[in-house]
Amino acid sequence: MANVLLGVTGSVAAILTPQLYQRLREEGHAVRVVATQASLYFFDPCALDPSRPERNPEVIVLDEDEWPGREQGRHWQRGEPVLHIELRRWAEVFVIAPLDANTLAKLAHGLADNCLTCIWRAWDTTRPVVVAPAMNTLMWEHPLTHRHLEQLRELQPGRLHMVEPQSKQLACGDVGVGAMASLDEIIAAVRNAVV
Ligand SMILES: Cc1cc2nc3c(=O)[nH]c(=O)nc-3n(C[C@H](O)[C@H](O)[C@H](O)COP(=O)(O)O)c2cc1C
């Protein structure tokens with residue numbers, strides 16, 4: 001069993017986050033979630049820990065947690081933790097599901113403008129990463145997608161586990177490949193990744 005960091009990005013498949021979080025916990029993993037701002041359009045971060053009325057930041061980390069008090073003019077103090085580094089130290093496997101086209105491009109190019117991409121940028125590349133892309137069929141078939149996935153494989157030699165998207169009617173109405181893989185396939189990939 002492992003410390004699993006679940007990254008969630010702005011695909012409609014993020015609607016499945018509470019279920020995926022639960023399934024990973026049922027596998028016996030310790031699970032924390034890091035969600036992009038866009039992903040929050042698709043699920044309620046409070047749903048992960050129903051025992052509390054408000055979001056539990058120990059369970060799900062948002063970008064705002066990286067910068068406590070910033071809006072009020074507060075400054076970081078020496079000795080305070082750097083959250084994305086703390087999370088990277090804690091995580092034994094990084095599962096990014098769903099991985100949308102935007103974050104895929106950022107990972108490929110090393111852009112680090114939110115908590116999730118900072119973790120990837122600081123990642124120990126000997127530790128496994130599982131990605132489950134989810135996007136419209138034409139986005140999936142676009143040459144940029146294949147280029148970016150190839151770059152990810154080069155960056156994580158032998159330690160990138162790609163869970164291929166499936167073909168079905170997508171949320172936008174198009175029919176084709178691009179829907180996130182089933183939760184069973186993602187769970188199986190995590191099992192493979194942590195052995
Ligand atoms: C309703 C809706 C559904 C979306 N679904 C997807 C999707 O499945 N895959 C994808 O790559 N982008 C999708 N997007 C676009 C992303 O949310 C957008 O590129 C966003 O900037 C991603 O930000 P993030 O990568 O920081 O999460 C969708 C946008 C909307 C409004």
# chains A, B, ... in the order shown; residues from 1 in each chain; ligands from 1
>>> residues_near_ligand(ligand="ligand 1", cutoff="9 Å", atoms="only C-alpha atoms and all ligand atoms", output="PyMOL selection string")
chain A and resi 8-14+35-42+98-106+113-114+116-117+133-136+139-140+170-172+178-180
>>> residues_around(residues="Val34 of chain A", least_positions_apart="5", cutoff="10 Å", atoms="only C-alpha atoms", output="PDB file with N, CA and C atoms, in the first residue's frame")
ATOM      1  N   LEU A   5      -0.894  10.292  -4.376  1.00  0.00           N
ATOM      2  CA  LEU A   5      -1.334  11.666  -4.602  1.00  0.00           C
ATOM      3  C   LEU A   5      -2.154  11.670  -5.883  1.00  0.00           C
ATOM      4  N   LEU A   6      -3.425  12.029  -5.754  1.00  0.00           N
ATOM      5  CA  LEU A   6      -4.331  12.043  -6.907  1.00  0.00           C
ATOM      6  C   LEU A   6      -4.445  13.477  -7.434  1.00  0.00           C
ATOM      7  N   GLY A   7      -3.921  13.711  -8.630  1.00  0.00           N
ATOM      8  CA  GLY A   7      -4.053  15.016  -9.286  1.00  0.00           C
ATOM      9  C   GLY A   7      -5.293  15.015 -10.161  1.00  0.00           C
ATOM     10  N   VAL A   8      -6.057  16.108 -10.108  1.00  0.00           N
ATOM     11  CA  VAL A   8      -7.315  16.186 -10.857  1.00  0.00           C
ATOM     12  C   VAL A   8      -7.313  17.467 -11.682  1.00  0.00           C
ATOM     13  N   THR A   9      -7.603  17.347 -12.984  1.00  0.00           N
ATOM     14  CA  THR A   9      -7.597  18.523 -13.862  1.00  0.00           C
ATOM     15  C   THR A   9      -8.970  18.716 -14.508  1.00  0.00           C
ATOM     16  N   SER A  39     -10.764  22.115 -12.431  1.00  0.00           N
ATOM     17  CA  SER A  39     -11.402  20.832 -12.080  1.00  0.00           C
ATOM     18  C   SER A  39     -12.557  21.024 -11.109  1.00  0.00           C
ATOM     19  N   PRO A  57      -8.468  20.309   4.123  1.00  0.00           N
ATOM     20  CA  PRO A  57      -7.250  20.549   3.335  1.00  0.00           C
ATOM     21  C   PRO A  57      -6.202  19.456   3.488  1.00  0.00           C
ATOM     22  N   VAL A  59      -7.093  16.420   3.081  1.00  0.00           N
ATOM     23  CA  VAL A  59      -7.562  15.456   2.077  1.00  0.00           C
ATOM     24  C   VAL A  59      -7.416  16.033   0.679  1.00  0.00           C
ATOM     25  N   ILE A  60      -7.818  17.283   0.506  1.00  0.00           N
ATOM     26  CA  ILE A  60      -7.768  17.882  -0.841  1.00  0.00           C
ATOM     27  C   ILE A  60      -7.142  19.274  -0.792  1.00  0.00           C
ATOM     28  N   VAL A  61      -6.083  19.408  -1.565  1.00  0.00           N
ATOM     29  CA  VAL A  61      -5.301  20.642  -1.611  1.00  0.00           C
ATOM     30  C   VAL A  61      -5.696  21.438  -2.854  1.00  0.00           C
ATOM     31  N   LEU A  62      -5.914  22.737  -2.656  1.00  0.00           N
ATOM     32  CA  LEU A  62      -6.201  23.633  -3.779  1.00  0.00           C
ATOM     33  C   LEU A  62      -5.056  24.635  -3.914  1.00  0.00           C
ATOM     34  N   ASP A  63      -5.028  25.329  -5.041  1.00  0.00           N
ATOM     35  CA  ASP A  63      -3.936  26.280  -5.262  1.00  0.00           C
ATOM     36  C   ASP A  63      -3.842  27.309  -4.143  1.00  0.00           C
ATOM     37  N   HIS A  84       3.970  22.311  -2.213  1.00  0.00           N
ATOM     38  CA  HIS A  84       4.145  21.362  -3.333  1.00  0.00           C
ATOM     39  C   HIS A  84       5.353  20.456  -3.103  1.00  0.00           C
ATOM     40  N   LEU A  87       4.216  17.819  -0.504  1.00  0.00           N
ATOM     41  CA  LEU A  87       3.376  16.792  -1.140  1.00  0.00           C
ATOM     42  C   LEU A  87       4.219  15.854  -1.989  1.00  0.00           C
ATOM     43  N   ILE A  96      -2.555  11.112 -12.072  1.00  0.00           N
ATOM     44  CA  ILE A  96      -3.245  12.301 -12.593  1.00  0.00           C
ATOM     45  C   ILE A  96      -4.414  11.808 -13.447  1.00  0.00           C
ATOM     46  N   ASN A 114       0.746  26.188 -11.112  1.00  0.00           N
ATOM     47  CA  ASN A 114      -0.232  25.843 -10.070  1.00  0.00           C
ATOM     48  C   ASN A 114       0.370  24.719  -9.227  1.00  0.00           C
ATOM     49  N   CYS A 115      -0.361  24.317  -8.175  1.00  0.00           N
ATOM     50  CA  CYS A 115       0.233  23.349  -7.241  1.00  0.00           C
ATOM     51  C   CYS A 115       0.527  22.023  -7.937  1.00  0.00           C
ATOM     52  N   LEU A 116      -0.425  21.562  -8.770  1.00  0.00           N
ATOM     53  CA  LEU A 116      -0.246  20.261  -9.426  1.00  0.00           C
ATOM     54  C   LEU A 116       0.995  20.261 -10.327  1.00  0.00           C
ATOM     55  N   THR A 117       1.133  21.298 -11.128  1.00  0.00           N
ATOM     56  CA  THR A 117       2.269  21.313 -12.065  1.00  0.00           C
ATOM     57  C   THR A 117       3.598  21.574 -11.329  1.00  0.00           C
ATOM     58  N   ILE A 119       4.267  20.257  -8.437  1.00  0.00           N
ATOM     59  CA  ILE A 119       4.623  18.919  -7.919  1.00  0.00           C
ATOM     60  C   ILE A 119       5.291  18.109  -9.024  1.00  0.00           C
TER      61      ILE A 119
END
>>> select_by_dssp(residues="segment 35-114 of chain A", states="strand (DSSP E or B)", output="JSON, numbers by chain")
{"A": [35, 60, 61, 93, 94, 95, 96, 97, 98, 99]}
>>> write_last_selection(atoms="C-alpha atoms", output="PDB file, in the first residue's frame")
ATOM      1  CA  ALA A  35      -7.018  19.754  -7.774  1.00  0.00           C
ATOM      2  CA  ILE A  60      -7.768  17.882  -0.841  1.00  0.00           C
ATOM      3  CA  VAL A  61      -5.301  20.642  -1.611  1.00  0.00           C
ATOM      4  CA  VAL A  93       2.977   7.561  -6.680  1.00  0.00           C
ATOM      5  CA  PHE A  94       1.373  10.467  -8.542  1.00  0.00           C
ATOM      6  CA  VAL A  95      -1.897   9.599 -10.281  1.00  0.00           C
ATOM      7  CA  ILE A  96      -3.245  12.301 -12.593  1.00  0.00           C
ATOM      8  CA  ALA A  97      -6.811  11.353 -13.491  1.00  0.00           C
ATOM      9  CA  PRO A  98      -8.287  12.904 -15.445  1.00  0.00           C
ATOM     10  CA  LEU A  99      -5.356  14.496 -17.269  1.00  0.00           C
TER      11      LEU A  99
END
>>> closest_residue(among="A:Glu26, A:Glu150, A:Glu86, A:Glu80", to="Glu58 of chain A", atoms="only C-alpha atoms")
A:Glu86
>>> closest_residue(among="A:Val31, A:Ala47, A:Leu83, A:Val163", to="Ile15 of chain A", atoms="only C-alpha atoms")
A:Ala47
>>> closest_residue(among="A:Arg191, A:His109, A:Arg23, A:Arg89", to="Gln151 of chain A", atoms="only C-alpha atoms")
A:His109
>>> closest_residue(among="A:Thr17, A:Pro68, A:Leu152, A:Met162", to="Cys46 of chain A", atoms="only C-alpha atoms")
A:Thr17
>>> closest_residue(among="A:Ala181, A:Cys118, A:Ile187, A:Val175", to="Leu24 of chain A", atoms="only C-alpha atoms")
A:Ile187
>>> select_by_dssp(residues="segment 18-192 of chain A", states="alpha helix (DSSP H)", output="mmCIF file with C-alpha atoms, in the first residue's frame")
data_model
loop_
_atom_site.group_PDB
_atom_site.id
_atom_site.type_symbol
_atom_site.label_atom_id
_atom_site.label_comp_id
_atom_site.auth_asym_id
_atom_site.auth_seq_id
_atom_site.Cartn_x
_atom_site.Cartn_y
_atom_site.Cartn_z
ATOM 1 C CA PRO A 18 -15.105 11.335 -5.172
ATOM 2 C CA GLN A 19 -15.539 7.762 -6.491
ATOM 3 C CA LEU A 20 -11.924 7.419 -7.575
ATOM 4 C CA TYR A 21 -10.724 8.787 -4.240
ATOM 5 C CA GLN A 22 -12.911 6.251 -2.433
ATOM 6 C CA ARG A 23 -11.774 3.352 -4.632
ATOM 7 C CA LEU A 24 -8.100 4.185 -3.991
ATOM 8 C CA ARG A 25 -8.744 4.266 -0.245
ATOM 9 C CA GLU A 26 -10.536 0.932 -0.421
ATOM 10 C CA LEU A 83 3.347 22.788 0.106
ATOM 11 C CA HIS A 84 4.145 21.362 -3.333
ATOM 12 C CA ILE A 85 7.514 20.113 -2.040
ATOM 13 C CA GLU A 86 5.883 18.613 1.061
ATOM 14 C CA LEU A 87 3.376 16.792 -1.140
ATOM 15 C CA ARG A 88 6.083 15.558 -3.493
ATOM 16 C CA ARG A 89 8.062 14.188 -0.518
ATOM 17 C CA TRP A 90 4.961 12.457 0.825
ATOM 18 C CA ALA A 101 -5.035 18.547 -22.713
ATOM 19 C CA ASN A 102 -4.003 21.804 -21.073
ATOM 20 C CA THR A 103 -2.201 20.233 -18.106
ATOM 21 C CA LEU A 104 -0.685 17.579 -20.394
ATOM 22 C CA ALA A 105 0.911 20.375 -22.440
ATOM 23 C CA LYS A 106 2.127 22.111 -19.291
ATOM 24 C CA LEU A 107 3.678 18.901 -17.948
ATOM 25 C CA ALA A 108 5.432 18.258 -21.264
ATOM 26 C CA HIS A 109 6.940 21.743 -21.289
ATOM 27 C CA CYS A 115 0.233 23.349 -7.241
ATOM 28 C CA LEU A 116 -0.246 20.261 -9.426
ATOM 29 C CA THR A 117 2.269 21.313 -12.065
ATOM 30 C CA CYS A 118 4.779 22.441 -9.401
ATOM 31 C CA ILE A 119 4.623 18.919 -7.919
ATOM 32 C CA TRP A 120 5.289 17.388 -11.327
ATOM 33 C CA ARG A 121 8.134 19.851 -11.941
ATOM 34 C CA THR A 137 -11.645 12.925 -29.745
ATOM 35 C CA LEU A 138 -10.053 15.522 -32.010
ATOM 36 C CA MET A 139 -7.967 16.804 -29.112
ATOM 37 C CA TRP A 140 -6.883 13.220 -28.421
ATOM 38 C CA GLU A 141 -6.015 12.591 -32.087
ATOM 39 C CA PRO A 143 -0.447 15.511 -33.120
ATOM 40 C CA LEU A 144 0.292 17.748 -30.128
ATOM 41 C CA THR A 145 -1.259 15.175 -27.773
ATOM 42 C CA HIS A 146 0.983 12.397 -29.038
ATOM 43 C CA ARG A 147 4.034 14.648 -28.951
ATOM 44 C CA HIS A 148 3.294 15.677 -25.367
ATOM 45 C CA LEU A 149 2.693 12.097 -24.192
ATOM 46 C CA GLU A 150 5.960 11.042 -25.798
ATOM 47 C CA GLN A 151 7.706 13.852 -23.904
ATOM 48 C CA LEU A 152 6.189 12.615 -20.645
ATOM 49 C CA ARG A 153 7.512 9.104 -21.327
ATOM 50 C CA GLU A 154 10.990 10.504 -21.948
ATOM 51 C CA LEU A 155 10.828 12.511 -18.723
ATOM 52 C CA LEU A 183 -12.003 3.415 -12.675
ATOM 53 C CA ASP A 184 -11.207 -0.334 -12.698
ATOM 54 C CA GLU A 185 -8.448 0.245 -15.275
ATOM 55 C CA ILE A 186 -7.022 3.177 -13.329
ATOM 56 C CA ILE A 187 -7.017 1.176 -10.083
ATOM 57 C CA ALA A 188 -5.286 -1.715 -11.869
ATOM 58 C CA ALA A 189 -2.635 0.667 -13.258
ATOM 59 C CA VAL A 190 -1.970 2.018 -9.759
ATOM 60 C CA ARG A 191 -1.562 -1.575 -8.511
ATOM 61 C CA ASN A 192 1.009 -2.202 -11.247
#
>>> closest_residue(among="A:Trp67, A:Gly176, A:Gly79, A:Ala91", to="Ala122 of chain A", atoms="only C-alpha atoms")
A:Ala91
>>> decode(residues="segment 15-73 of chain A", atoms="C-alpha atoms", output="compact mmCIF listing (two decimals), in the first residue's frame")
# COMPACT_ATOMS: atom_id res chain seq x y z
CA ILE A 15 -16.95 14.42 -11.88
CA LEU A 16 -15.74 10.92 -10.88
CA THR A 17 -13.18 12.25 -8.37
CA PRO A 18 -15.10 11.34 -5.17
CA GLN A 19 -15.54 7.76 -6.49
CA LEU A 20 -11.92 7.42 -7.58
CA TYR A 21 -10.72 8.79 -4.24
CA GLN A 22 -12.91 6.25 -2.43
CA ARG A 23 -11.77 3.35 -4.63
CA LEU A 24 -8.10 4.19 -3.99
CA ARG A 25 -8.74 4.27 -0.25
CA GLU A 26 -10.54 0.93 -0.42
CA GLU A 27 -7.34 -0.46 -1.98
CA GLY A 28 -5.65 0.43 1.30
CA HIS A 29 -3.73 3.47 0.03
CA ALA A 30 -3.28 6.71 1.92
CA VAL A 31 -4.73 9.23 -0.53
CA ARG A 32 -4.42 12.99 -0.86
CA VAL A 33 -5.84 15.01 -3.74
CA VAL A 34 -4.48 18.07 -5.53
CA ALA A 35 -7.02 19.75 -7.77
CA THR A 36 -6.67 22.50 -10.37
CA GLN A 37 -8.99 25.48 -10.29
CA ALA A 38 -10.75 24.31 -13.49
CA SER A 39 -11.40 20.83 -12.08
CA LEU A 40 -13.55 22.33 -9.31
CA TYR A 41 -16.20 23.07 -11.93
CA PHE A 42 -16.90 19.34 -11.98
CA PHE A 43 -16.97 18.18 -8.35
CA ASP A 44 -17.41 19.49 -4.83
CA PRO A 45 -14.16 19.24 -2.83
CA CYS A 46 -16.23 18.86 0.37
CA ALA A 47 -17.64 15.59 -1.00
CA LEU A 48 -14.39 13.74 -0.32
CA ASP A 49 -14.73 13.91 3.45
CA PRO A 50 -18.45 13.98 4.32
CA SER A 51 -17.62 13.90 8.04
CA ARG A 52 -16.81 17.64 7.80
CA PRO A 53 -19.09 20.38 6.44
CA GLU A 54 -16.14 22.33 5.01
CA ARG A 55 -13.28 21.16 2.77
CA ASN A 56 -10.60 19.15 4.57
CA PRO A 57 -7.25 20.55 3.34
CA GLU A 58 -5.50 17.42 4.61
CA VAL A 59 -7.56 15.46 2.08
CA ILE A 60 -7.77 17.88 -0.84
CA VAL A 61 -5.30 20.64 -1.61
CA LEU A 62 -6.20 23.63 -3.78
CA ASP A 63 -3.94 26.28 -5.26
CA GLU A 64 -4.99 28.78 -2.59
CA ASP A 65 -3.40 26.52 0.07
CA GLU A 66 0.03 27.24 -1.41
CA TRP A 67 -0.34 30.96 -0.65
CA PRO A 68 -2.05 31.36 2.76
CA GLY A 69 -2.97 34.97 3.42
CA ARG A 70 -1.66 36.24 0.08
CA GLU A 71 -4.88 38.12 -0.68
CA GLN A 72 -4.59 39.89 2.68
CA GLY A 73 -1.02 41.00 1.97
